[in-house]
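Visitor: Have a look at this one.
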Amino acid sequence: MMSENLPTENSNYALHKLRELLRHGDIGLNGKLPTERTLSDKLGLSRRAIRRALEVLEAEGAIWRKQGSGTYAGKKPDDWGEQLETIVAGTNFMEIMEVRLRIEPQLAQLAALRAKGSDIDRMRELAQKIAASEDADAKELWDGALHRLIAQAAGNQLFLSIFDVINRVRQDDAWQSIRERARSRTDTMSMSNAQHAAIIDAIASHDPAKAGEAMRQHLLMLQERLIRQTSMDHLGGDIPGEVS
């Protein structure tokens, strides 16, 4: 019988234990696995057995490794994430709006053709959460969720991928800041909420033309508010408004 004080060299057993760890989600933030030394101590296995088991999991696509960073659960992402950061860093609000105005009305039209009843129910729930949110961060969160659900309901994976690139800018501090400064007038917030309702109603009615136009009007308002806000920023002033 193996001594309790000596780590086992059984690589198959190590592989079994690591599969259990991945299956139960016993990993760190962002899917990062503990270090080989930590795994060895925790599981009572030699580091060589751990290393061999990790090699098998990597070959299977169950984990991936990043030099200097560690080992992560799941398949290795492509270079899209890094490209996305470059795209976001190299664009501005007006470029984003130009693309949104050409993409999201089409997504709303497709959603009007393909959205399920459960999708529409969820859209209404998200719209209510936007209206009920009392701080800018929450409004931004639920607004992004609503627009993404509409994109998802369109049923076109390529369109959804493009939308996610556009939507990534919501995570940018500068974007959040300008939108937060523009949120101060209740009447404009009410307009935004009404526009969300009109978009959802058109989708629920399976009216593509109406859904696309409602989304276009909503985005035109957002574009106008951003132009006004950025203009006032350059002049050193501030102007109330609402974007969503």
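FYI, nothing fancy with the structure tokens labels: chains A, B, ... in order, residues from 1 per chain, ligands from 1 as they appear.
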Write out as a VMD selection string each polymer residue whose atoms come within 6 Å of region 34-49 of chain A, counting only C-alpha atoms; drop sequence neighbours fewer than 3 positions from it.

Guide: chain A and resid 7 to 9 11 52

Visitor: Would you please extract all strand (DSSP E) residues from region 15-223 of chain A, as assigned by DSSP on the backbone, and give them as a list in words?

Guide: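 So, restricting region 15-223 of chain A to strand (DSSP E), we get Ile63, Trp64, Arg65, Lys66, Gly70, Thr71, Tyr72 and Ala73 of chain A.
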
Visitor: Point out the residue among A:Glu95, A:Asp164, A:Glu58, A:Glu20 with the least atom-to-atom distance to Ala151 (chain A), counting only C-alpha atoms.

Guide: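 The answer is A:Asp164, which sits nearest to Ala151 (chain A).
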
Visitor: Report the distance between CA of Gly155 (chain A) and CA of Leu141 (chain A) in Å, rounded to one decimal place.

Guide: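 Going from CA of Gly155 (chain A) over to CA of Leu141 (chain A), I get 22.1 Å.
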
Visitor: Got a sec: who's within 9 Å of Ile96 (chain A), counting only C-alpha atoms, leaving out chain neighbours fewer than 3 positions off, as a PyMOL selection string?

Guide: chain A and resi 91-93+99-101+166-167+169

Visitor: Do you know which residues are at most 8 Å from Leu110 (chain A) counting only C-alpha atoms, after dropping those on the same chain fewer than 3 positions away, and could you put them as a PDB file with all heavy atoms, in the first residue's frame?

Guide:
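Contents of result-v5.pdb, freshly written:
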```
ATOM      1  N   GLN A 106     -31.330  45.839 -39.030  1.00  0.00           N
ATOM      2  CA  GLN A 106     -31.463  44.562 -39.733  1.00  0.00           C
ATOM      3  C   GLN A 106     -31.683  43.425 -38.740  1.00  0.00           C
ATOM      4  O   GLN A 106     -32.474  42.505 -38.995  1.00  0.00           O
ATOM      5  CB  GLN A 106     -30.194  44.293 -40.562  1.00  0.00           C
ATOM      6  CG  GLN A 106     -29.809  45.406 -41.510  1.00  0.00           C
ATOM      7  CD  GLN A 106     -30.913  45.756 -42.486  1.00  0.00           C
ATOM      8  OE1 GLN A 106     -31.569  44.856 -43.022  1.00  0.00           O
ATOM      9  NE2 GLN A 106     -31.137  47.032 -42.721  1.00  0.00           N
ATOM     10  N   LEU A 107     -31.001  43.492 -37.607  1.00  0.00           N
ATOM     11  CA  LEU A 107     -31.176  42.469 -36.583  1.00  0.00           C
ATOM     12  C   LEU A 107     -32.597  42.512 -36.022  1.00  0.00           C
ATOM     13  O   LEU A 107     -33.212  41.467 -35.770  1.00  0.00           O
ATOM     14  CB  LEU A 107     -30.159  42.667 -35.456  1.00  0.00           C
ATOM     15  CG  LEU A 107     -28.705  42.351 -35.810  1.00  0.00           C
ATOM     16  CD1 LEU A 107     -27.773  42.816 -34.702  1.00  0.00           C
ATOM     17  CD2 LEU A 107     -28.527  40.862 -36.066  1.00  0.00           C
ATOM     18  N   LEU A 113     -39.029  38.318 -37.460  1.00  0.00           N
ATOM     19  CA  LEU A 113     -39.390  37.120 -38.215  1.00  0.00           C
ATOM     20  C   LEU A 113     -39.159  35.839 -37.420  1.00  0.00           C
ATOM     21  O   LEU A 113     -39.863  34.843 -37.633  1.00  0.00           O
ATOM     22  CB  LEU A 113     -38.561  37.056 -39.505  1.00  0.00           C
ATOM     23  CG  LEU A 113     -38.812  38.154 -40.550  1.00  0.00           C
ATOM     24  CD1 LEU A 113     -37.786  38.044 -41.672  1.00  0.00           C
ATOM     25  CD2 LEU A 113     -40.228  38.035 -41.113  1.00  0.00           C
ATOM     26  N   ARG A 114     -38.181  35.871 -36.497  1.00  0.00           N
ATOM     27  CA  ARG A 114     -37.726  34.615 -35.898  1.00  0.00           C
ATOM     28  C   ARG A 114     -37.854  34.520 -34.381  1.00  0.00           C
ATOM     29  O   ARG A 114     -37.679  33.430 -33.820  1.00  0.00           O
ATOM     30  CB  ARG A 114     -36.258  34.396 -36.279  1.00  0.00           C
ATOM     31  CG  ARG A 114     -36.031  34.292 -37.768  1.00  0.00           C
ATOM     32  CD  ARG A 114     -34.562  34.325 -38.128  1.00  0.00           C
ATOM     33  NE  ARG A 114     -34.357  34.201 -39.571  1.00  0.00           N
ATOM     34  CZ  ARG A 114     -33.188  34.377 -40.182  1.00  0.00           C
ATOM     35  NH1 ARG A 114     -32.112  34.664 -39.466  1.00  0.00           N
ATOM     36  NH2 ARG A 114     -33.095  34.248 -41.491  1.00  0.00           N
ATOM     37  N   ALA A 153     -31.961  36.824 -31.029  1.00  0.00           N
ATOM     38  CA  ALA A 153     -33.248  36.360 -31.552  1.00  0.00           C
ATOM     39  C   ALA A 153     -33.294  36.433 -33.077  1.00  0.00           C
ATOM     40  O   ALA A 153     -34.133  35.786 -33.705  1.00  0.00           O
ATOM     41  CB  ALA A 153     -34.387  37.188 -30.960  1.00  0.00           C
ATOM     42  N   ALA A 154     -32.395  37.210 -33.678  1.00  0.00           N
ATOM     43  CA  ALA A 154     -32.348  37.301 -35.139  1.00  0.00           C
ATOM     44  C   ALA A 154     -31.951  35.971 -35.767  1.00  0.00           C
ATOM     45  O   ALA A 154     -32.218  35.735 -36.947  1.00  0.00           O
ATOM     46  CB  ALA A 154     -31.377  38.400 -35.568  1.00  0.00           C
ATOM     47  N   GLY A 155     -31.293  35.104 -34.988  1.00  0.00           N
ATOM     48  CA  GLY A 155     -30.993  33.765 -35.462  1.00  0.00           C
ATOM     49  C   GLY A 155     -29.909  33.669 -36.512  1.00  0.00           C
ATOM     50  O   GLY A 155     -29.913  32.759 -37.331  1.00  0.00           O
ATOM     51  N   PRO A 208     -41.418  43.175 -39.506  1.00  0.00           N
ATOM     52  CA  PRO A 208     -40.005  43.505 -39.723  1.00  0.00           C
ATOM     53  C   PRO A 208     -39.758  44.970 -40.048  1.00  0.00           C
ATOM     54  O   PRO A 208     -38.815  45.578 -39.528  1.00  0.00           O
ATOM     55  CB  PRO A 208     -39.600  42.595 -40.891  1.00  0.00           C
ATOM     56  CG  PRO A 208     -40.595  41.501 -40.885  1.00  0.00           C
ATOM     57  CD  PRO A 208     -41.882  42.119 -40.412  1.00  0.00           C
TER      58      PRO A 208
END
```

Visitor: Quick one: pull the distance between CA of His16 (chain A) and CA of Ser69 (chain A), Å, one decimal.

Guide: 24.3 Å

Visitor: Which residues in region 27-200 of chain A does DSSP call helix (DSSP H, G or I)? List them as a VMD selection string.

Guide: chain A and resid 29 to 31 36 to 43 47 to 60 80 to 89 93 to 114 117 to 132 136 to 153 157 to 171 173 to 182 186 to 200

Visitor: Could you check how far CA of Ala73 (chain A) sits from CA of Lys32 (chain A), in Å to one decimal?

Guide: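 Between CA of Ala73 (chain A) and CA of Lys32 (chain A) the gap works out to 6.4 Å.
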
Visitor: Between A:Gly25, A:Gly61, A:Gly144, A:Gly117, single out the one closest to Ile200 (chain A), counting only C-alpha atoms.

Guide: A:Gly117
